[in-house]
Amino acid sequence: LTGLPPEILLSIAKIESAFQTNARSPKGAIGVMQLMPETARALRVDPNDTRENIEGGARLLRDLLVKYEQYPDQVYRALSAYNAGPGAVAKYNGVPPYAETRAYVEKVLNEYHRLKTQKPESR
């Protein structure tokens with residue numbers, strides 16, 4: 001779909017919504033990948049359609065990885081921007097000092113590493 005490892009998308013979906021298709025955050029994020037309505041509009045996806053929500057989240061992450069590809073902390077910046085927005089990453093020139101965002105990045109990466117190191121027969 002986007003050339004991203006499925007494990008990173010699974011990790012985001014697990015941390016964002018625990019795979020709940022009808023998840024809604026207090027801030028208004030919608031669905032499995034927790035897309036904000038304005039982000040979903042910009043991506044031209046229906047955040048209430050599970051397939052489109054996942055595709056939108058995958059494209060958003062890919063776009064953020066491309067945006068930060070020149071930085072040594074590319075993945076940290078991309079995940080931070082997914083959580084707190086690119087404006088916060090720009091403001092702090094890297095991972096913002098928000099406890100929620102720092103915990104989010106750590107949880108996603110821990111889940112990603114857990115999935116990557118699982119033996120294929122145990123999946």
# chains A, B, ... in the order shown; residues from 1 in each chain; ligands from 1
call {"tool": "residues_around", "arguments": {"residues": "Ile54 of chain A", "least_positions_apart": "3", "cutoff": "9 Å", "atoms": "only C-alpha atoms", "output": "list in words"}}
result
Leu9, Ala13, Gly31, Val32, Met33, Pro47, Asp49, Thr50, Arg51, Gly57, Ala58 and Arg59 of chain A
call {"tool": "residues_around", "arguments": {"residues": "Leu79 of chain A", "least_positions_apart": "3", "cutoff": "9 Å", "atoms": "only C-alpha atoms", "output": "PyMOL selection string"}}
result
chain A and resi 12+61+64-65+74-76+82-84+95+101+104-105+108
call {"tool": "closest_residue", "arguments": {"among": "A:Lys14, A:Leu60, A:Pro6, A:Arg41", "to": "Asn110 of chain A", "atoms": "only C-alpha atoms"}}
result
A:Lys14
call {"tool": "closest_residue", "arguments": {"among": "A:Ser80, A:Gln118, A:Gln70, A:Gln34", "to": "Glu7 of chain A", "atoms": "only C-alpha atoms"}}
result
A:Gln118
call {"tool": "residues_around", "arguments": {"residues": "Met36 of chain A", "least_positions_apart": "6", "cutoff": "10 Å", "atoms": "only C-alpha atoms", "output": "CSV table (one decimal) with N, CA, C and O atoms, in the first residue's frame"}}
result
chain,number,residue,atom,x,y,z
A,24,ARG,N,-13.1,7.2,19.3
A,24,ARG,CA,-13.2,8.7,19.2
A,24,ARG,C,-12.4,9.2,20.4
A,24,ARG,O,-12.6,8.8,21.5
A,25,SER,N,-11.5,10.2,20.1
A,25,SER,CA,-10.7,10.8,21.1
A,25,SER,C,-11.4,12.0,21.7
A,25,SER,O,-12.2,12.6,21.0
A,27,LYS,N,-10.3,14.8,21.8
A,27,LYS,CA,-9.9,15.9,20.9
A,27,LYS,C,-10.5,15.8,19.5
A,27,LYS,O,-10.3,16.7,18.7
A,28,GLY,N,-11.3,14.7,19.2
A,28,GLY,CA,-12.0,14.6,18.0
A,28,GLY,C,-11.4,13.7,17.0
A,28,GLY,O,-11.9,13.6,15.9
A,29,ALA,N,-10.3,13.0,17.3
A,29,ALA,CA,-9.7,12.0,16.4
A,29,ALA,C,-10.6,10.8,16.2
A,29,ALA,O,-11.3,10.4,17.1
A,30,ILE,N,-10.7,10.3,15.0
A,30,ILE,CA,-11.6,9.3,14.6
A,30,ILE,C,-11.0,8.0,14.1
A,30,ILE,O,-10.0,8.0,13.3
A,42,ALA,N,-7.9,16.6,4.3
A,42,ALA,CA,-6.7,16.9,3.5
A,42,ALA,C,-6.2,15.6,2.7
A,42,ALA,O,-5.7,15.7,1.6
A,47,PRO,N,-12.9,9.3,7.4
A,47,PRO,CA,-12.4,8.7,8.6
A,47,PRO,C,-13.3,7.7,9.3
A,47,PRO,O,-12.8,6.9,10.1
call {"tool": "atom_distance", "arguments": {"atom1": "atom CA of Thr39 of chain A", "atom2": "atom CA of Tyr71 of chain A"}}
result
23.5 Å
